[in-house]
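Student: What follows is the file final_36.pdb, containing PDB, C-alpha atoms:
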ATOM      1  CA  MET A   1     -14.452  -7.193 -16.533  1.00  0.00           C
ATOM      2  CA  ALA A   2     -12.648 -10.396 -15.577  1.00  0.00           C
ATOM      3  CA  LEU A   3      -9.235 -10.593 -14.019  1.00  0.00           C
ATOM      4  CA  VAL A   4      -6.463 -11.559 -16.408  1.00  0.00           C
ATOM      5  CA  ARG A   5      -3.464 -13.507 -15.111  1.00  0.00           C
ATOM      6  CA  ALA A   6      -0.586 -11.169 -14.222  1.00  0.00           C
ATOM      7  CA  HIS A   7      -2.314  -8.146 -15.759  1.00  0.00           C
ATOM      8  CA  PRO A   8      -4.147  -6.053 -13.153  1.00  0.00           C
ATOM      9  CA  GLN A   9      -7.454  -4.641 -14.289  1.00  0.00           C
ATOM     10  CA  LEU A  10     -10.380  -2.851 -12.710  1.00  0.00           C
ATOM     11  CA  LEU A  11     -13.253  -5.194 -12.055  1.00  0.00           C
ATOM     12  CA  VAL A  12     -16.677  -4.973 -10.477  1.00  0.00           C
ATOM     13  CA  GLU A  13     -17.348  -7.470  -7.715  1.00  0.00           C
ATOM     14  CA  THR A  14     -20.802  -8.697  -6.730  1.00  0.00           C
ATOM     15  CA  ASN A  15     -20.726  -6.718  -3.476  1.00  0.00           C
ATOM     16  CA  ASP A  16     -20.572  -3.395  -5.400  1.00  0.00           C
ATOM     17  CA  LYS A  17     -16.905  -2.835  -4.628  1.00  0.00           C
ATOM     18  CA  LYS A  18     -14.521  -1.895  -7.398  1.00  0.00           C
ATOM     19  CA  SER A  19     -11.085  -3.512  -7.159  1.00  0.00           C
ATOM     20  CA  ILE A  20      -7.798  -3.801  -8.918  1.00  0.00           C
ATOM     21  CA  GLY A  21      -6.095  -7.134  -8.701  1.00  0.00           C
ATOM     22  CA  TYR A  22      -4.742 -10.132 -10.506  1.00  0.00           C
ATOM     23  CA  GLU A  23      -5.109 -13.892 -10.684  1.00  0.00           C
ATOM     24  CA  ALA A  24      -2.252 -16.196  -9.695  1.00  0.00           C
ATOM     25  CA  ASP A  25      -2.345 -19.987  -9.481  1.00  0.00           C
ATOM     26  CA  GLY A  26      -6.119 -20.013  -9.822  1.00  0.00           C
ATOM     27  CA  ARG A  27      -6.869 -17.557  -7.026  1.00  0.00           C
ATOM     28  CA  LYS A  28      -7.959 -13.957  -7.378  1.00  0.00           C
ATOM     29  CA  VAL A  29      -6.018 -11.379  -5.394  1.00  0.00           C
ATOM     30  CA  ALA A  30      -7.463  -7.886  -4.842  1.00  0.00           C
ATOM     31  CA  LEU A  31      -4.801  -5.242  -4.261  1.00  0.00           C
ATOM     32  CA  ALA A  32      -7.036  -2.266  -3.645  1.00  0.00           C
ATOM     33  CA  SER A  33     -10.807  -1.809  -3.387  1.00  0.00           C
ATOM     34  CA  ILE A  34     -13.234   1.087  -3.184  1.00  0.00           C
ATOM     35  CA  ASP A  35     -16.912   1.350  -2.369  1.00  0.00           C
ATOM     36  CA  ASN A  36     -18.008   3.580  -5.265  1.00  0.00           C
ATOM     37  CA  MET A  37     -16.593   4.903  -8.523  1.00  0.00           C
ATOM     38  CA  ALA A  38     -16.444   8.491  -7.234  1.00  0.00           C
ATOM     39  CA  SER A  39     -13.843   7.322  -4.737  1.00  0.00           C
ATOM     40  CA  ILE A  40     -11.445   6.289  -7.471  1.00  0.00           C
ATOM     41  CA  GLN A  41     -10.360   9.846  -8.215  1.00  0.00           C
ATOM     42  CA  GLY A  42      -9.851  10.860  -4.606  1.00  0.00           C
ATOM     43  CA  ASP A  43      -8.800   7.649  -2.921  1.00  0.00           C
ATOM     44  CA  MET A  44      -7.009   5.406  -5.397  1.00  0.00           C
ATOM     45  CA  ASN A  45      -5.512   7.529  -8.138  1.00  0.00           C
ATOM     46  CA  LEU A  46      -2.421   9.674  -7.867  1.00  0.00           C
ATOM     47  CA  ALA A  47      -1.659  11.818 -10.921  1.00  0.00           C
ATOM     48  CA  VAL A  48       1.912  11.526 -12.217  1.00  0.00           C
ATOM     49  CA  ALA A  49       3.114  13.821 -15.013  1.00  0.00           C
ATOM     50  CA  ALA A  50       6.900  13.372 -14.700  1.00  0.00           C
ATOM     51  CA  SER A  51       9.486  10.868 -13.486  1.00  0.00           C
ATOM     52  CA  ARG A  52       9.802  10.573  -9.723  1.00  0.00           C
ATOM     53  CA  ASP A  53      10.692   8.259  -6.843  1.00  0.00           C
ATOM     54  CA  ALA A  54       8.100   5.874  -5.425  1.00  0.00           C
ATOM     55  CA  SER A  55       6.925   6.890  -1.942  1.00  0.00           C
ATOM     56  CA  LEU A  56       5.127   5.333   1.016  1.00  0.00           C
ATOM     57  CA  SER A  57       1.925   7.095  -0.028  1.00  0.00           C
ATOM     58  CA  ASP A  58       1.970   5.179  -3.348  1.00  0.00           C
ATOM     59  CA  ASN A  59       1.270   1.895  -1.538  1.00  0.00           C
ATOM     60  CA  GLY A  60      -2.122   0.523  -2.599  1.00  0.00           C
ATOM     61  CA  ASN A  61      -2.748   3.357  -5.044  1.00  0.00           C
ATOM     62  CA  ILE A  62      -2.856   3.572  -8.821  1.00  0.00           C
ATOM     63  CA  LEU A  63      -0.341   6.000 -10.302  1.00  0.00           C
ATOM     64  CA  VAL A  64      -2.126   7.508 -13.311  1.00  0.00           C
ATOM     65  CA  CYS A  65       0.732   8.447 -15.623  1.00  0.00           C
ATOM     66  CA  SER A  66      -0.321  11.027 -18.218  1.00  0.00           C
ATOM     67  CA  SER A  67       2.520  12.381 -20.289  1.00  0.00           C
ATOM     68  CA  ALA A  68       3.708  12.657 -23.876  1.00  0.00           C
ATOM     69  CA  VAL A  69       7.243  11.791 -22.700  1.00  0.00           C
ATOM     70  CA  ALA A  70       8.588   8.798 -20.789  1.00  0.00           C
ATOM     71  CA  ILE A  71       7.945   8.511 -17.044  1.00  0.00           C
ATOM     72  CA  VAL A  72      10.174   6.441 -14.748  1.00  0.00           C
ATOM     73  CA  ILE A  73       9.078   5.538 -11.221  1.00  0.00           C
ATOM     74  CA  THR A  74      12.263   4.726  -9.289  1.00  0.00           C
ATOM     75  CA  VAL A  75      12.025   2.379  -6.306  1.00  0.00           C
ATOM     76  CA  LYS A  76      14.600   3.325  -3.698  1.00  0.00           C
ATOM     77  CA  SER A  77      15.846   1.128  -0.836  1.00  0.00           C
ATOM     78  CA  LYS A  78      14.091   0.407   2.448  1.00  0.00           C
ATOM     79  CA  ALA A  79      16.858   2.352   4.232  1.00  0.00           C
ATOM     80  CA  LEU A  80      15.955   5.512   2.263  1.00  0.00           C
ATOM     81  CA  ILE A  81      12.152   5.198   2.097  1.00  0.00           C
ATOM     82  CA  GLY A  82      11.180   3.048   5.091  1.00  0.00           C
ATOM     83  CA  TRP A  83       9.235   0.325   3.227  1.00  0.00           C
ATOM     84  CA  ASP A  84       7.703  -2.156   5.656  1.00  0.00           C
ATOM     85  CA  GLY A  85       5.741  -5.354   5.061  1.00  0.00           C
ATOM     86  CA  ALA A  86       3.971  -6.041   1.787  1.00  0.00           C
ATOM     87  CA  VAL A  87       3.778  -2.993  -0.458  1.00  0.00           C
ATOM     88  CA  SER A  88       2.106  -2.843  -3.872  1.00  0.00           C
ATOM     89  CA  ILE A  89       2.304  -0.007  -6.384  1.00  0.00           C
ATOM     90  CA  VAL A  90       0.355   0.007  -9.650  1.00  0.00           C
ATOM     91  CA  GLN A  91       0.919   2.326 -12.593  1.00  0.00           C
ATOM     92  CA  TYR A  92      -1.640   3.065 -15.297  1.00  0.00           C
ATOM     93  CA  ARG A  93      -0.353   4.407 -18.619  1.00  0.00           C
ATOM     94  CA  ASP A  94      -2.891   7.056 -19.605  1.00  0.00           C
ATOM     95  CA  GLY A  95      -0.617   9.124 -21.863  1.00  0.00           C
ATOM     96  CA  VAL A  96       1.423   8.235 -24.950  1.00  0.00           C
ATOM     97  CA  GLY A  97       4.761   8.434 -23.104  1.00  0.00           C
ATOM     98  CA  ALA A  98       6.314   5.149 -21.978  1.00  0.00           C
ATOM     99  CA  VAL A  99       6.000   4.303 -18.266  1.00  0.00           C
ATOM    100  CA  THR A 100       8.269   1.972 -16.327  1.00  0.00           C
ATOM    101  CA  PHE A 101       9.551   1.096 -12.879  1.00  0.00           C
ATOM    102  CA  ALA A 102      13.308   1.268 -12.208  1.00  0.00           C
ATOM    103  CA  ALA A 103      15.346  -0.124  -9.332  1.00  0.00           C
ATOM    104  CA  GLY A 104      17.358   2.349  -7.283  1.00  0.00           C
ATOM    105  CA  ALA A 105      20.730   1.503  -5.725  1.00  0.00           C
ATOM    106  CA  GLY A 106      20.583  -1.772  -3.782  1.00  0.00           C
ATOM    107  CA  VAL A 107      17.067  -2.636  -5.017  1.00  0.00           C
ATOM    108  CA  THR A 108      16.157  -5.647  -7.188  1.00  0.00           C
ATOM    109  CA  ILE A 109      12.964  -5.786  -9.238  1.00  0.00           C
ATOM    110  CA  ARG A 110      12.267  -9.281 -10.606  1.00  0.00           C
ATOM    111  CA  GLY A 111      10.073  -9.833 -13.638  1.00  0.00           C
ATOM    112  CA  ASP A 112       9.146  -8.184 -16.916  1.00  0.00           C
ATOM    113  CA  LEU A 113       9.590  -4.423 -16.620  1.00  0.00           C
ATOM    114  CA  SER A 114       8.503  -3.700 -20.190  1.00  0.00           C
ATOM    115  CA  THR A 115       6.242  -0.700 -20.668  1.00  0.00           C
ATOM    116  CA  PRO A 116       2.535  -1.589 -20.826  1.00  0.00           C
ATOM    117  CA  ALA A 117       0.579  -0.492 -23.878  1.00  0.00           C
ATOM    118  CA  GLN A 118      -1.275   2.803 -23.558  1.00  0.00           C
ATOM    119  CA  TYR A 119      -4.259   2.328 -21.191  1.00  0.00           C
ATOM    120  CA  GLY A 120      -2.528  -0.690 -19.648  1.00  0.00           C
ATOM    121  CA  PHE A 121      -1.477  -1.467 -16.072  1.00  0.00           C
ATOM    122  CA  LYS A 122       1.801  -2.693 -14.560  1.00  0.00           C
ATOM    123  CA  GLY A 123       2.447  -3.281 -10.888  1.00  0.00           C
ATOM    124  CA  ILE A 124       5.178  -4.227  -8.461  1.00  0.00           C
ATOM    125  CA  CYS A 125       4.959  -5.769  -5.021  1.00  0.00           C
ATOM    126  CA  ARG A 126       7.616  -5.714  -2.310  1.00  0.00           C
ATOM    127  CA  ILE A 127       8.528  -9.176  -1.099  1.00  0.00           C
ATOM    128  CA  PRO A 128       8.202  -8.855   2.698  1.00  0.00           C
ATOM    129  CA  THR A 129      10.742 -11.583   3.454  1.00  0.00           C
ATOM    130  CA  LYS A 130      13.409  -9.726   1.472  1.00  0.00           C
ATOM    131  CA  THR A 131      14.733  -6.290   2.412  1.00  0.00           C
ATOM    132  CA  ASP A 132      14.929  -4.665  -1.016  1.00  0.00           C
ATOM    133  CA  GLU A 133      13.410  -7.130  -3.457  1.00  0.00           C
ATOM    134  CA  TRP A 134      10.277  -6.497  -5.511  1.00  0.00           C
ATOM    135  CA  ALA A 135       8.337  -8.608  -8.031  1.00  0.00           C
ATOM    136  CA  VAL A 136       6.434  -7.454 -11.119  1.00  0.00           C
ATOM    137  CA  PHE A 137       2.825  -8.503 -11.572  1.00  0.00           C
TER
END
Written as structure tokens, that's how I'd like the structure from this file.
Tutor:
Amino acid sequence: MALVRAHPQLLVETNDKKSIGYEADGRKVALASIDNMASIQGDMNLAVAASRDASLSDNGNILVCSSAVAIVITVKSKALIGWDGAVSIVQYRDGVGAVTFAAGAGVTIRGDLSTPAQYGFKGICRIPTKTDEWAVF
């Protein structure tokens, strides 16, 4: 499956690694990779069934959101969580309930925060040069 601009998708690379990433300005950016499909369940996916705060352990993982009701992943400030450097968090909408990211107090998330269609991805990335600013991809 090919990468689609600003819409992360799983793809298979020629070196047998599976990755999630996006394309920006003509270059492909992999956010997370694994060596075999069995690793996806244990290494990349974190099951989410209800709204919660984003955590350090979400960095580089896919949050698989499976619910019949809305799920909100709230991004709290660096002072509360301890974010450091570039951080990327991807959500996958597996259930029928809407899934979105929300900014906690003092946090700015720039970009389109609309809910992806069911079976769609949405991600955010912390901008390392800014304390509490994130961008949607």
Student: Out of A:Ala102, A:Ile89, A:Ile81, A:Ala117, which residue has the shortest atom-to-atom distance to Thr131 in chain A when counting all atoms listed in the file?
Tutor: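 Closest to Thr131 in chain A, using all atoms listed in the file: A:Ile81.
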Student: In Å, with one decimal, what is the gap from CA of Arg110 in chain A to CA of Val136 in chain A?
Tutor: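 CA of Arg110 in chain A sits 6.1 Å away from CA of Val136 in chain A.
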Student: How far is it from CA of Val72 in chain A to CA of Ser51 in chain A, in Å with one decimal?
Tutor: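 Distance reported for this atom pair: 4.7 Å.
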Student: Of the candidates A:Ala68, A:Cys125, A:Val75, A:Val87, which one gets nearest to Thr100 in chain A if we count only C-alpha atoms?
Tutor: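 For Thr100 in chain A, the nearest of the candidates is A:Val75.
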Student: So the first atom is CA of Arg126 in chain A and the second is CA of Gly95 in chain A; what is the distance between them in Å, to one decimal place?
Tutor: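 Between CA of Arg126 in chain A and CA of Gly95 in chain A the gap is 25.9 Å.
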Student: Report as a list in words all protein, DNA and RNA residues lying within 7 Å of Ala54 in chain A, evaluated on only C-alpha atoms, omitting residues in the same chain fewer than 3 positions from it.
Tutor: Asp58, Ile73, Thr74 and Val75 of chain A
Student: As a PyMOL selection string, please: the residues near Gly106 in chain A (cut-off 10 Å, only C-alpha atoms, same-chain neighbours under 5 positions excluded).
Tutor: chain A and resi 75-79+131-133
Student: Write the selection just made, keeping C-alpha atoms, as a PDB file, in the coordinates of the input?
Tutor:
ATOM      1  CA  VAL A  75      12.025   2.379  -6.306  1.00  0.00           C
ATOM      2  CA  LYS A  76      14.600   3.325  -3.698  1.00  0.00           C
ATOM      3  CA  SER A  77      15.846   1.128  -0.836  1.00  0.00           C
ATOM      4  CA  LYS A  78      14.091   0.407   2.448  1.00  0.00           C
ATOM      5  CA  ALA A  79      16.858   2.352   4.232  1.00  0.00           C
ATOM      6  CA  THR A 131      14.733  -6.290   2.412  1.00  0.00           C
ATOM      7  CA  ASP A 132      14.929  -4.665  -1.016  1.00  0.00           C
ATOM      8  CA  GLU A 133      13.410  -7.130  -3.457  1.00  0.00           C
TER       9      GLU A 133
END
Student: Out of A:Ile127, A:Ala135, A:Leu63, A:Val48, which residue has the shortest atom-to-atom distance to Val90 in chain A when counting only C-alpha atoms?
Tutor: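 Nearest to Val90 in chain A: A:Leu63.
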Student: Check the smallest atom-to-atom distance from each of A:Phe101, A:Leu80, A:Ser66, A:Ala86 to Arg52 in chain A using all atoms listed in the file, then report the winner.
Tutor: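 Smallest separation from Arg52 in chain A among the options: A:Phe101.
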Student: Can you list what the PyMOL selection byres ((chain A and resi 47) around 7) grabs from this structure, as an MDAnalysis selection string?
Tutor: chainID A and resid 45:46 48:49 63:65
Student: Okay, now the selection with C-alpha atoms, as a JSON list (two decimals), in the frame of the given file?
Tutor:
[["chain", "number", "residue", "atom", "x", "y", "z"],
["A", 45, "ASN", "CA", -5.51, 7.53, -8.14],
["A", 46, "LEU", "CA", -2.42, 9.67, -7.87],
["A", 48, "VAL", "CA", 1.91, 11.53, -12.22],
["A", 49, "ALA", "CA", 3.11, 13.82, -15.01],
["A", 63, "LEU", "CA", -0.34, 6.00, -10.30],
["A", 64, "VAL", "CA", -2.13, 7.51, -13.31],
["A", 65, "CYS", "CA", 0.73, 8.45, -15.62]]
Student: Nearest to Pro116 in chain A: which of A:Val96, A:Ile62, A:Ala103, A:Ala50 is it, counting only C-alpha atoms?
Tutor: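 Closest to Pro116 in chain A, using only C-alpha atoms: A:Val96.
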Student: Got a sec to check which residues sit within 7 Å of (8.2, 11.6, -20.8), counting only C-alpha atoms, and write them as a list of chain:residue names?
Tutor: A:Ala50, A:Ser67, A:Ala68, A:Val69, A:Ala70, A:Ile71, A:Gly97, A:Ala98
Student: My list of candidates is A:Ser88, A:Gly104, A:Asn61, A:Arg93. Which is closest to Gly123 in chain A when distances are computed with all atoms listed in the file?
Tutor: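 Closest to Gly123 in chain A of all the choices is A:Ser88.
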Student: Could you list the residues chosen by the PyMOL selection byres ((chain A and resi 112) around 10) in this structure as a CSV table (one decimal) with C-alpha atoms, keeping the file's coordinate frame?
Tutor:
chain,number,residue,atom,x,y,z
A,109,ILE,CA,13.0,-5.8,-9.2
A,110,ARG,CA,12.3,-9.3,-10.6
A,111,GLY,CA,10.1,-9.8,-13.6
A,113,LEU,CA,9.6,-4.4,-16.6
A,114,SER,CA,8.5,-3.7,-20.2
A,115,THR,CA,6.2,-0.7,-20.7
A,122,LYS,CA,1.8,-2.7,-14.6
A,135,ALA,CA,8.3,-8.6,-8.0
A,136,VAL,CA,6.4,-7.5,-11.1
A,137,PHE,CA,2.8,-8.5,-11.6
